[in-house]
$ cat data.txt   # compact mmCIF, C-alpha atoms
# COMPACT_ATOMS: atom_id res chain seq x y z
CA MET A 1 -99.87 134.12 -5.57
CA LYS A 2 -98.30 131.81 -3.01
CA ARG A 3 -98.47 128.14 -3.93
CA ILE A 4 -100.07 125.93 -1.36
CA PHE A 5 -98.93 122.37 -0.75
CA THR A 6 -101.04 119.42 0.12
CA ILE A 7 -98.86 117.65 2.66
CA ALA A 8 -98.29 114.03 1.72
CA ALA A 9 -98.55 111.13 4.12
CA VAL A 10 -95.75 108.58 4.05
CA ALA A 11 -96.71 104.97 4.64
CA ALA A 12 -93.68 102.94 3.60
CA LEU A 13 -89.90 103.07 3.57
CA SER A 14 -89.91 102.44 -0.14
CA LEU A 15 -91.64 105.81 -0.64
CA GLY A 16 -94.00 104.00 -2.97
CA THR A 17 -97.22 104.95 -1.21
CA VAL A 18 -96.83 108.69 -0.88
CA SER A 19 -100.12 110.29 -1.90
CA CYS A 20 -100.32 112.49 -4.98
CA ASP A 21 -99.50 116.11 -4.16
CA ARG A 22 -101.31 119.03 -5.78
CA PHE A 23 -100.43 122.69 -6.08
CA LEU A 24 -103.34 125.00 -5.32
CA ASP A 25 -103.88 128.73 -5.73
CA ILE A 26 -106.24 128.97 -2.77
CA GLN A 27 -106.11 127.49 0.69
CA PRO A 28 -108.99 125.02 1.03
CA GLU A 29 -110.25 123.83 4.34
CA GLY A 30 -108.05 121.15 5.83
CA LYS A 31 -104.95 122.10 3.81
CA VAL A 32 -101.91 123.83 5.24
CA ILE A 33 -99.16 126.13 4.12
CA PRO A 34 -95.93 124.43 5.27
CA THR A 35 -94.13 126.47 7.91
CA SER A 36 -92.68 124.15 10.55
CA THR A 37 -89.85 121.62 10.38
CA GLU A 38 -92.49 118.88 10.53
CA ASP A 39 -94.28 120.37 7.51
CA TYR A 40 -91.11 120.70 5.49
CA ARG A 41 -89.91 117.24 6.38
CA GLU A 42 -93.07 115.98 4.70
CA VAL A 43 -92.56 118.26 1.71
CA LEU A 44 -89.00 116.95 1.41
CA THR A 45 -90.22 113.37 1.68
CA SER A 46 -92.50 114.10 -1.28
CA ALA A 47 -89.45 115.31 -3.21
CA TYR A 48 -87.60 112.09 -2.45
CA ALA A 49 -90.69 110.09 -3.43
CA LYS A 50 -90.93 111.80 -6.81
CA TYR A 51 -87.31 111.20 -7.74
CA PRO A 52 -87.48 109.50 -11.16
CA ALA A 53 -86.47 105.90 -11.81
CA HIS A 54 -84.48 106.71 -14.94
CA LYS A 55 -81.48 104.45 -14.51
CA SER A 56 -83.30 101.33 -15.72
CA LEU A 57 -83.98 103.04 -19.03
CA SER A 58 -80.38 104.13 -19.49
CA ALA A 59 -79.25 100.51 -19.05
CA LEU A 60 -81.12 99.64 -22.26
CA ARG A 61 -78.78 101.95 -24.19
CA THR A 62 -75.65 100.20 -22.90
CA ASP A 63 -73.83 96.94 -23.51
CA GLU A 64 -75.34 95.48 -20.30
CA LEU A 65 -78.69 94.32 -21.67
CA MET A 66 -80.48 92.88 -24.68
CA LEU A 67 -84.23 92.97 -25.17
CA ASP A 68 -86.56 90.01 -24.81
CA GLU A 69 -88.54 90.43 -28.00
CA TYR A 70 -91.20 87.99 -26.79
CA SER A 71 -92.04 90.19 -23.83
CA MET A 72 -95.42 91.93 -23.95
CA ASP A 73 -93.68 95.21 -23.13
CA PHE A 74 -91.10 94.94 -25.90
CA PRO A 75 -92.78 97.70 -28.01
CA ASN A 76 -92.43 100.15 -25.11
CA TYR A 77 -88.65 99.82 -24.95
CA ARG A 78 -87.39 98.79 -28.39
CA GLU A 79 -86.69 102.35 -29.57
CA ILE A 80 -84.57 103.01 -26.49
CA ALA A 81 -82.36 100.05 -27.46
CA MET A 82 -82.21 101.52 -30.99
CA TRP A 83 -80.92 104.86 -29.56
CA LYS A 84 -83.88 106.57 -31.16
CA ASP A 85 -84.76 109.81 -29.35
CA SER A 86 -87.03 111.63 -31.81
CA ASN A 87 -90.12 110.78 -33.91
CA LEU A 88 -90.96 108.18 -31.32
CA ASP A 89 -93.76 105.65 -31.48
CA ALA A 90 -96.66 106.63 -29.25
CA VAL A 91 -96.03 103.61 -27.00
CA THR A 92 -92.30 104.27 -26.47
CA THR A 93 -91.36 104.99 -22.87
CA GLN A 94 -89.72 108.41 -22.71
CA PHE A 95 -86.87 109.34 -20.43
CA PRO A 96 -88.10 111.44 -17.50
CA TRP A 97 -88.13 115.20 -17.58
CA VAL A 98 -91.19 116.53 -15.75
CA SER A 99 -90.55 114.27 -12.77
CA PHE A 100 -87.08 115.76 -12.31
CA TYR A 101 -88.47 119.27 -12.30
CA SER A 102 -91.36 118.25 -10.04
CA THR A 103 -88.78 117.06 -7.54
CA ILE A 104 -86.82 120.29 -7.98
CA PHE A 105 -90.01 122.32 -7.41
CA TYR A 106 -90.43 120.77 -3.96
CA LEU A 107 -86.77 121.41 -3.18
CA ASN A 108 -87.03 125.03 -4.28
CA GLN A 109 -90.06 125.48 -2.02
CA THR A 110 -88.16 123.98 0.90
CA ILE A 111 -85.05 126.08 0.31
CA ASN A 112 -86.75 129.38 -0.56
CA GLU A 113 -89.67 129.37 1.86
CA GLY A 114 -88.61 126.90 4.54
CA THR A 115 -85.51 128.96 5.25
CA LYS A 116 -87.77 131.83 6.32
CA THR A 117 -90.34 129.96 8.39
CA MET A 118 -88.74 126.93 10.06
CA ALA A 119 -87.52 127.36 13.61
CA ALA A 120 -83.73 127.53 13.89
CA GLY A 121 -81.94 124.37 14.97
CA ASP A 122 -80.41 121.10 13.84
CA GLU A 123 -83.63 119.82 12.27
CA LYS A 124 -83.98 122.91 10.09
CA ASN A 125 -80.32 122.66 9.07
CA GLN A 126 -80.66 118.98 8.24
CA ILE A 127 -83.77 119.52 6.11
CA LEU A 128 -82.17 122.38 4.19
CA ALA A 129 -78.94 120.40 3.74
CA GLU A 130 -80.86 117.47 2.27
CA ALA A 131 -82.82 119.79 -0.02
CA HIS A 132 -79.63 121.34 -1.41
CA ALA A 133 -77.97 117.92 -1.77
CA LEU A 134 -80.96 116.38 -3.53
CA ARG A 135 -81.21 119.38 -5.87
CA ALA A 136 -77.52 118.97 -6.71
CA TYR A 137 -78.12 115.27 -7.37
CA ALA A 138 -81.11 116.01 -9.62
CA TYR A 139 -79.16 118.48 -11.74
CA PHE A 140 -76.19 116.11 -11.87
CA ASP A 141 -78.40 113.35 -13.26
CA LEU A 142 -80.18 115.74 -15.63
CA VAL A 143 -76.99 117.16 -17.12
CA ASN A 144 -75.49 113.68 -17.51
CA LEU A 145 -78.59 112.45 -19.31
CA TYR A 146 -79.25 115.45 -21.54
CA GLY A 147 -75.96 117.36 -21.69
CA LYS A 148 -72.61 116.42 -23.18
CA PRO A 149 -70.07 114.75 -20.88
CA TYR A 150 -68.14 117.35 -18.93
CA ASN A 151 -65.18 118.77 -20.84
CA ALA A 152 -63.52 121.77 -19.22
CA ALA A 153 -62.54 123.14 -22.64
CA THR A 154 -66.11 123.19 -24.02
CA ALA A 155 -68.44 123.06 -21.00
CA ALA A 156 -69.15 126.80 -21.12
CA SER A 157 -70.64 126.47 -24.61
CA ASP A 158 -72.03 122.91 -24.46
CA LYS A 159 -75.81 122.86 -24.06
CA GLY A 160 -77.02 121.62 -20.69
CA VAL A 161 -80.48 121.82 -19.11
CA PRO A 162 -82.62 124.63 -17.67
CA ILE A 163 -81.82 125.67 -14.11
CA SER A 164 -84.91 126.45 -12.04
CA LEU A 165 -84.31 127.88 -8.56
CA ASP A 166 -87.73 129.48 -8.05
CA ILE A 167 -91.21 128.17 -7.33
CA ASP A 168 -92.96 129.66 -10.33
CA LEU A 169 -94.81 126.86 -12.07
CA GLU A 170 -95.25 128.89 -15.23
CA GLN A 171 -91.66 129.86 -15.94
CA VAL A 172 -90.27 128.79 -19.32
CA LEU A 173 -86.50 128.67 -19.12
CA PRO A 174 -83.77 128.24 -21.73
CA ALA A 175 -81.16 125.54 -21.34
CA SER A 176 -78.11 126.63 -19.36
CA SER A 177 -74.64 125.50 -20.38
CA VAL A 178 -73.08 122.35 -18.97
CA GLN A 179 -70.66 124.56 -17.02
CA GLN A 180 -73.50 126.62 -15.53
CA VAL A 181 -75.27 123.45 -14.42
CA TYR A 182 -72.13 122.13 -12.74
CA ASP A 183 -71.61 125.54 -11.11
CA GLN A 184 -75.12 125.25 -9.64
CA ILE A 185 -74.40 121.70 -8.50
CA HIS A 186 -71.32 122.93 -6.65
CA ALA A 187 -73.24 125.84 -5.13
CA ASP A 188 -75.82 123.42 -3.73
CA LEU A 189 -73.14 121.02 -2.53
CA ALA A 190 -71.42 123.85 -0.67
CA GLN A 191 -74.66 124.84 1.04
CA ALA A 192 -75.31 121.22 1.97
CA GLU A 193 -71.80 120.94 3.41
CA ASN A 194 -72.42 123.93 5.66
CA LEU A 195 -75.74 122.65 6.96
CA MET A 196 -75.57 118.84 7.09
CA VAL A 197 -75.95 117.44 10.60
CA LYS A 198 -76.29 113.66 10.34
CA ALA A 199 -73.15 111.66 9.56
CA LYS A 200 -75.14 108.57 8.53
CA GLN A 201 -78.80 107.69 8.14
CA GLU A 202 -80.47 104.80 9.88
CA GLN A 203 -81.71 101.99 7.66
CA ALA A 204 -85.30 103.25 7.83
CA THR A 205 -84.32 106.70 6.51
CA ARG A 206 -81.44 105.75 4.27
CA TYR A 207 -83.23 107.19 1.25
CA ARG A 208 -82.21 110.59 2.69
CA PHE A 209 -78.91 112.39 2.33
CA SER A 210 -76.32 112.33 5.11
CA LYS A 211 -72.72 113.54 5.41
CA ALA A 212 -71.51 110.21 4.06
CA ALA A 213 -73.90 110.36 1.07
CA LEU A 214 -73.00 113.99 0.42
CA LYS A 215 -69.28 113.17 0.33
CA ALA A 216 -70.03 110.23 -1.98
CA LEU A 217 -71.93 112.53 -4.36
CA GLU A 218 -69.11 115.08 -4.25
CA ALA A 219 -66.61 112.35 -5.09
CA ARG A 220 -68.72 111.22 -8.06
CA VAL A 221 -69.16 114.76 -9.34
CA ALA A 222 -65.42 115.42 -9.07
CA LEU A 223 -64.63 112.18 -10.91
CA TYR A 224 -66.96 113.10 -13.77
CA GLN A 225 -65.28 116.51 -13.99
CA ARG A 226 -61.84 114.87 -13.95
CA ASN A 227 -60.89 116.73 -10.81
CA TYR A 228 -58.98 113.78 -9.41
CA ASP A 229 -57.52 115.51 -6.37
CA ALA A 230 -61.00 116.46 -5.20
CA ALA A 231 -62.40 113.02 -6.08
CA LEU A 232 -59.75 111.39 -3.90
CA THR A 233 -60.32 113.82 -1.03
CA PHE A 234 -64.09 113.33 -1.03
CA ALA A 235 -63.87 109.54 -1.41
CA ASP A 236 -61.53 109.36 1.57
CA ALA A 237 -63.82 111.64 3.58
CA ALA A 238 -66.80 109.39 2.88
CA LEU A 239 -64.80 106.26 3.69
CA ALA A 240 -63.79 107.84 7.00
CA ILE A 241 -67.50 107.75 7.90
CA GLN A 242 -68.40 104.40 6.34
CA ASN A 243 -66.00 101.89 4.78
CA GLU A 244 -67.45 98.40 5.29
CA LEU A 245 -67.63 95.98 2.38
CA VAL A 246 -69.73 92.85 1.95
CA ASP A 247 -67.50 89.76 1.83
CA LEU A 248 -69.06 87.42 -0.71
CA ASN A 249 -66.85 84.61 0.53
CA ALA A 250 -68.71 84.79 3.83
CA THR A 251 -72.26 85.78 2.83
CA ALA A 252 -74.64 85.66 -0.11
CA THR A 253 -75.92 89.19 0.51
CA VAL A 254 -76.00 91.24 -2.68
CA PRO A 255 -73.95 94.38 -1.90
CA SER A 256 -76.45 96.70 -3.59
CA ARG A 257 -79.37 95.83 -1.33
CA PHE A 258 -80.77 98.69 0.75
CA ASP A 259 -79.97 96.78 3.95
CA SER A 260 -76.42 95.85 2.95
CA LYS A 261 -73.56 97.06 5.15
CA GLU A 262 -72.29 98.85 2.03
CA SER A 263 -75.44 100.95 1.63
CA ILE A 264 -74.84 104.67 2.15
CA MET A 265 -77.98 105.98 0.43
CA SER A 266 -80.78 103.92 -1.08
CA LEU A 267 -83.05 106.28 -3.01
CA ASP A 268 -82.78 105.17 -6.64
CA TYR A 269 -84.86 102.32 -8.01
CA ALA A 270 -81.95 101.56 -10.30
CA PHE A 271 -83.28 98.44 -12.05
CA ASN A 272 -87.05 98.22 -11.91
CA ASN A 273 -89.15 95.16 -12.61
CA ALA A 274 -90.50 96.50 -15.92
CA VAL A 275 -87.03 96.64 -17.48
CA GLN A 276 -85.99 93.46 -15.69
CA ASN A 277 -88.91 91.62 -17.31
CA VAL A 278 -88.20 92.92 -20.81
CA SER A 279 -84.46 92.21 -20.88
CA PHE A 280 -81.70 89.65 -20.64
CA ALA A 281 -78.09 90.20 -19.69
CA SER A 282 -76.02 90.77 -22.82
CA PRO A 283 -73.57 88.06 -23.94
CA GLU A 284 -70.79 90.64 -23.51
CA LEU A 285 -71.71 91.20 -19.88
CA ILE A 286 -72.02 87.49 -19.10
CA GLY A 287 -68.76 86.76 -20.90
CA SER A 288 -66.89 89.35 -18.85
CA TYR A 289 -67.13 87.32 -15.63
CA ASP A 290 -64.81 84.59 -14.39
CA GLN A 291 -67.78 82.36 -13.60
CA ALA A 292 -65.68 79.88 -11.63
CA ASN A 293 -64.15 82.44 -9.27
CA ASP A 294 -66.25 85.60 -9.33
CA LYS A 295 -68.77 85.29 -6.49
CA ARG A 296 -70.93 88.06 -7.96
CA PHE A 297 -71.96 86.00 -10.96
CA GLY A 298 -74.31 83.63 -9.14
CA LEU A 299 -75.81 86.49 -7.12
CA TYR A 300 -76.40 88.78 -10.07
CA PHE A 301 -77.72 86.37 -12.72
CA GLU A 302 -79.87 83.30 -13.24
CA LYS A 303 -80.10 81.05 -16.28
CA SER A 304 -83.22 81.40 -18.46
CA GLY A 305 -83.04 78.93 -21.31
CA SER A 306 -79.89 79.75 -23.25
CA LYS A 307 -79.75 83.28 -21.82
CA TYR A 308 -79.38 84.92 -18.42
CA LYS A 309 -81.75 87.18 -16.54
CA VAL A 310 -80.42 89.88 -14.25
CA LYS A 311 -81.82 89.06 -10.83
CA LYS A 312 -79.98 91.88 -9.06
CA GLY A 313 -82.92 94.27 -8.92
CA GLY A 314 -86.60 94.25 -9.75
CA THR A 315 -87.79 95.07 -6.22
CA THR A 316 -87.40 98.00 -3.86
CA ASP A 317 -84.99 95.89 -1.80
CA PHE A 318 -82.43 96.92 -4.42
CA ARG A 319 -82.76 100.67 -4.11
CA VAL A 320 -79.22 101.99 -4.34
CA SER A 321 -77.72 105.43 -4.89
CA PHE A 322 -74.32 105.29 -3.15
CA ARG A 323 -72.43 102.42 -1.55
CA THR A 324 -68.95 101.99 -0.19
CA ALA A 325 -67.62 99.88 -3.08
CA GLU A 326 -68.06 102.85 -5.43
CA LEU A 327 -65.88 104.97 -3.14
CA TYR A 328 -63.01 102.49 -3.46
CA PHE A 329 -63.45 102.48 -7.23
CA ILE A 330 -63.40 106.29 -7.35
CA LYS A 331 -60.33 106.31 -5.12
CA SER A 332 -58.59 103.80 -7.36
CA GLU A 333 -59.32 105.73 -10.56
CA ALA A 334 -58.32 109.05 -8.99
CA LEU A 335 -55.03 107.64 -7.68
CA LEU A 336 -54.27 106.18 -11.09
CA LYS A 337 -54.89 109.50 -12.83
CA LEU A 338 -52.67 111.19 -10.24
CA GLY A 339 -49.81 108.86 -11.15
CA GLN A 340 -50.01 106.61 -8.08
CA LEU A 341 -50.42 103.25 -9.82
CA SER A 342 -49.46 100.99 -6.91
CA GLN A 343 -51.83 102.72 -4.48
CA ALA A 344 -54.57 102.67 -7.12
CA LYS A 345 -54.23 98.91 -7.42
CA ASP A 346 -54.36 98.49 -3.64
CA ALA A 347 -57.61 100.50 -3.42
CA LEU A 348 -59.36 98.38 -6.05
CA LEU A 349 -58.02 95.08 -4.73
CA THR A 350 -59.55 95.96 -1.36
CA VAL A 351 -62.96 95.44 -3.00
CA LEU A 352 -62.02 92.52 -5.23
CA ALA A 353 -60.72 90.51 -2.27
CA LYS A 354 -64.37 90.42 -1.18
CA ARG A 355 -65.69 89.46 -4.61
CA TYR A 356 -63.49 86.59 -5.83
CA THR A 357 -62.74 83.20 -4.33
CA VAL A 358 -59.46 82.98 -2.43
CA ALA A 359 -57.80 81.11 -5.29
CA GLY A 360 -59.28 83.44 -7.88
CA PHE A 361 -58.12 86.51 -6.00
CA THR A 362 -54.59 85.16 -5.68
CA ASP A 363 -54.41 84.78 -9.45
CA LEU A 364 -56.01 88.18 -9.93
CA GLN A 365 -53.40 89.87 -7.73
CA THR A 366 -50.67 88.51 -9.98
CA THR A 367 -52.47 89.68 -13.12
CA VAL A 368 -53.14 93.15 -11.73
CA GLY A 369 -49.60 93.44 -10.42
CA ALA A 370 -48.24 93.18 -13.97
CA MET A 371 -50.55 95.85 -15.44
CA ASN A 372 -49.28 99.20 -16.63
CA ALA A 373 -51.39 102.35 -16.20
CA THR A 374 -53.23 101.93 -19.50
CA ASP A 375 -54.09 98.30 -18.82
CA PHE A 376 -55.18 99.08 -15.28
CA MET A 377 -57.51 101.88 -16.40
CA LYS A 378 -59.22 99.43 -18.72
CA PHE A 379 -59.39 96.94 -15.87
CA ILE A 380 -61.07 99.52 -13.61
CA LEU A 381 -63.77 100.12 -16.22
CA ASP A 382 -64.21 96.37 -16.78
CA GLU A 383 -64.59 95.82 -13.05
CA ARG A 384 -67.09 98.69 -12.82
CA PHE A 385 -69.02 96.89 -15.59
CA ARG A 386 -69.12 93.76 -13.44
CA GLU A 387 -69.52 95.29 -9.98
CA PHE A 388 -72.21 97.85 -10.75
CA THR A 389 -74.33 95.84 -13.17
CA ALA A 390 -77.89 97.20 -13.25
CA GLU A 391 -77.13 100.04 -10.82
CA GLY A 392 -77.28 102.84 -13.37
CA HIS A 393 -73.55 103.52 -13.71
CA ARG A 394 -72.81 101.95 -17.08
CA TRP A 395 -74.33 104.54 -19.41
CA PHE A 396 -72.59 107.36 -17.55
CA ASP A 397 -69.30 105.42 -17.49
CA LEU A 398 -69.49 104.82 -21.22
CA ARG A 399 -70.18 108.51 -21.83
CA ARG A 400 -67.38 109.87 -19.67
CA ALA A 401 -64.63 107.31 -20.25
CA ASP A 402 -65.21 104.90 -23.13
CA GLN A 403 -67.57 105.94 -25.91
CA LYS A 404 -67.05 102.67 -27.69
CA GLN A 405 -69.04 101.05 -30.47
CA ILE A 406 -72.10 99.12 -29.32
CA THR A 407 -74.32 96.97 -31.54
CA HIS A 408 -77.89 96.02 -30.65
CA THR A 409 -80.10 93.67 -32.63
CA VAL A 410 -83.78 94.63 -32.50
CA SER A 411 -86.44 92.80 -34.54
CA GLY A 412 -83.76 91.24 -36.71
CA MET A 413 -82.13 94.57 -37.57
CA GLN A 414 -78.72 95.70 -36.35
CA TYR A 415 -78.34 99.15 -34.87
CA VAL A 416 -74.91 100.60 -34.15
CA LEU A 417 -73.84 103.29 -31.71
CA GLN A 418 -70.55 104.48 -33.15
CA PRO A 419 -67.54 105.62 -31.07
CA GLY A 420 -68.13 109.24 -30.09
CA ASP A 421 -71.67 109.08 -31.51
CA VAL A 422 -73.84 112.16 -30.84
CA ARG A 423 -76.41 109.73 -29.45
CA TYR A 424 -74.18 109.24 -26.42
CA THR A 425 -76.11 112.32 -25.32
CA ILE A 426 -79.85 111.70 -25.01
CA GLU A 427 -82.11 114.24 -26.67
CA ILE A 428 -84.45 116.17 -24.43
CA PRO A 429 -87.82 114.36 -24.64
CA PRO A 430 -90.17 115.58 -27.39
CA SER A 431 -92.92 116.29 -24.87
CA ALA A 432 -90.62 118.70 -23.03
CA LYS A 433 -89.76 120.52 -26.26
CA VAL A 434 -93.45 120.98 -27.06
CA ASN A 435 -93.99 122.69 -23.72
CA ASN A 436 -90.78 124.74 -23.86
CA PRO A 437 -89.76 126.13 -27.24
CA ASN A 438 -86.50 127.38 -25.67
CA LEU A 439 -85.20 123.79 -25.61
$ encode --input "data.txt" --output "structure tokens"
Amino acid sequence: MKRIFTIAAVAALSLGTVSCDRFLDIQPEGKVIPTSTEDYREVLTSAYAKYPAHKSLSALRTDELMLDEYSMDFPNYREIAMWKDSNLDAVTTQFPWVSFYSTIFYLNQTINEGTKTMAAGDEKNQILAEAHALRAYAYFDLVNLYGKPYNAATAASDKGVPISLDIDLEQVLPASSVQQVYDQIHADLAQAENLMVKAKQEQATRYRFSKAALKALEARVALYQRNYDAALTFADAALAIQNELVDLNATATVPSRFDSKESIMSLDYAFNNAVQNVSFASPELIGSYDQANDKRFGLYFEKSGSKYKVKKGGTTDFRVSFRTAELYFIKSEALLKLGQLSQAKDALLTVLAKRYTVAGFTDLQTTVGAMNATDFMKFILDERFREFTAEGHRWFDLRRADQKQITHTVSGMQYVLQPGDVRYTIEIPPSAKVNNPNL
């Protein structure tokens, strides 16, 4: 039987006040089956609104944060910092699963049914392009949370996540391989490429995909798959649309704000106030900054007793999914892997000129100039650590490029994530396994 949508009303840019949607098997009075572009724009807005805020949780598994054990919410997060994924305490916050597939359900409805009923034109094409792009993004995040890092030699046999492309609420699907998930991501990206109309989104609708955001996602996907030629091509294509950087020598605007000139897409609530309140910046993170010359330090952190709180986040002003600085970082890493060390340094220094004091940058240029390829790759990752603090990149960066040893102290006990540890891949949440024995 056809599923009927209750169309949600949108009352804020933050998407925080979208009403709860329900799926119904009958059409009650006052409800509508979506058919028009206006209907499906609202369905798609509901999909954006339901996109899970998972990146804050992943930060607790990294070397970015340490828990505040005096926080009232400490019991909810301590097992995440212990890298414990099974036999969880009842109060432990679980990584999202249902919310991803709820978002995907809306996207499947838009793609499968909206294609048939919406009137032809740019608005239909834009809506469908965004639906394909957001579905690609959802599967990209899912497979990087719950699947092994992409390895071309093993991806066809590595366990990924279920791929749902239908609107059957009752389907119980097995996990597809990592390769199959990436193949689906690329299929959706190709469809989005063919249909996308808008080059950039206005500030009020920047939570939506655009050509610039699509190219940025394609560059990120290519980087994670170690397809460096494609990563460079897509990064350059995105930069051709939007390439501005915030100059921290001229302004105190945090580059990851939704209204920053660097903002390409601002969907993800990357560092929410719950995790902000229960954590401090780790000594390793604080110690990585040149506090005298790095202009980011004072914008990202504030002293709290003998520790530092991360103040870059905690409100919807810091929604960030893609921004121009990441494109320069991707370009730099891709150029390095393609054997173009000098050009790789130039790409990264383009960003760092806007992040360090004039004197600090002059010294940094000299230091970077003397680096060989191995040293510079480490420097890229170190600068990603500093630049993208609390934006949801660190866990994925550690997984794909540097599965190092990390030690967390929780309730006086030390817990160690070993190099190459199997816990660099998060287990599918227990609640999902209960509902799907195929997992």
$ atom_distance --input "data.txt" --atom1 "atom CA of A:Asn277" --atom2 "atom CA of A:Ser71"
7.4 Å
$ closest_residue --input "data.txt" --among "A:Glu69, A:Phe322, A:Ser86, A:Val43" --to "A:Glu130" --atoms "only C-alpha atoms"
A:Val43
$ residues_near_point --input "data.txt" --point "(-80.7, 83.0, -19.9)" --cutoff "12 Å" --atoms "all atoms listed in the file" --output "PDB file with C-alpha atoms, in the coordinates of the input"
ATOM      1  CA  LEU A  65     -78.690  94.320 -21.670  1.00  0.00           C
ATOM      2  CA  MET A  66     -80.480  92.880 -24.680  1.00  0.00           C
ATOM      3  CA  LEU A  67     -84.230  92.970 -25.170  1.00  0.00           C
ATOM      4  CA  ASP A  68     -86.560  90.010 -24.810  1.00  0.00           C
ATOM      5  CA  SER A 279     -84.460  92.210 -20.880  1.00  0.00           C
ATOM      6  CA  PHE A 280     -81.700  89.650 -20.640  1.00  0.00           C
ATOM      7  CA  ALA A 281     -78.090  90.200 -19.690  1.00  0.00           C
ATOM      8  CA  SER A 282     -76.020  90.770 -22.820  1.00  0.00           C
ATOM      9  CA  PRO A 283     -73.570  88.060 -23.940  1.00  0.00           C
ATOM     10  CA  ILE A 286     -72.020  87.490 -19.100  1.00  0.00           C
ATOM     11  CA  PHE A 301     -77.720  86.370 -12.720  1.00  0.00           C
ATOM     12  CA  GLU A 302     -79.870  83.300 -13.240  1.00  0.00           C
ATOM     13  CA  LYS A 303     -80.100  81.050 -16.280  1.00  0.00           C
ATOM     14  CA  SER A 304     -83.220  81.400 -18.460  1.00  0.00           C
ATOM     15  CA  GLY A 305     -83.040  78.930 -21.310  1.00  0.00           C
ATOM     16  CA  SER A 306     -79.890  79.750 -23.250  1.00  0.00           C
ATOM     17  CA  LYS A 307     -79.750  83.280 -21.820  1.00  0.00           C
ATOM     18  CA  TYR A 308     -79.380  84.920 -18.420  1.00  0.00           C
ATOM     19  CA  LYS A 309     -81.750  87.180 -16.540  1.00  0.00           C
ATOM     20  CA  VAL A 310     -80.420  89.880 -14.250  1.00  0.00           C
ATOM     21  CA  LYS A 311     -81.820  89.060 -10.830  1.00  0.00           C
TER      22      LYS A 311
END
$ atom_distance --input "data.txt" --atom1 "atom CA of A:Val434" --atom2 "atom CA of A:Ala47"
24.8 Å
$ residues_near_point --input "data.txt" --point "(-88.7, 117.4, -22.3)" --cutoff "10 Å" --atoms "only C-alpha atoms" --output "list in words"
Gln94, Phe95, Pro96, Trp97, Val98, Tyr146, Val161, Glu427, Ile428, Pro429, Pro430, Ser431, Ala432, Lys433, Val434, Asn435, Asn436 and Leu439 of chain A
$ residues_around --input "data.txt" --residues "stretch 404-406 of chain A" --least-positions-apart "6" --cutoff "6 Å" --atoms "only C-alpha atoms" --output "number ranges by chain"
A: 416-419
$ write_last_selection --input "data.txt" --atoms "C-alpha atoms" --output "PDB file, in the coordinates of the input"
ATOM      1  CA  VAL A 416     -74.910 100.600 -34.150  1.00  0.00           C
ATOM      2  CA  LEU A 417     -73.840 103.290 -31.710  1.00  0.00           C
ATOM      3  CA  GLN A 418     -70.550 104.480 -33.150  1.00  0.00           C
ATOM      4  CA  PRO A 419     -67.540 105.620 -31.070  1.00  0.00           C
TER       5      PRO A 419
END
$ residues_around --input "data.txt" --residues "A:Asn438" --least-positions-apart "3" --cutoff "8 Å" --atoms "all atoms listed in the file" --output "NGL selection string"
:A and (172-175 or 433)
$ atom_distance --input "data.txt" --atom1 "atom CA of A:Arg423" --atom2 "atom CA of A:Glu64"
17.0 Å
$ axis_aligned_box --input "data.txt" --around "stretch 238-244 of chain A" --padding-each-side "5 Å" --output "lines of an AutoDock Vina configuration file"
center_x = -66.1
center_y = 103.9
center_z = 5.4
size_x = 14.6
size_y = 21.0
size_z = 15.0
$ closest_residue --input "data.txt" --among "A:Ile426, A:Asp229, A:Ala213, A:Thr205" --to "A:Thr45" --atoms "all atoms listed in the file"
A:Thr205
$ residues_around --input "data.txt" --residues "A:Ser102" --least-positions-apart "5" --cutoff "12 Å" --atoms "only C-alpha atoms" --output "ChimeraX atom specification"
/A:20-23,43-44,46-52,96-97,107-109,135,138,164,166-169
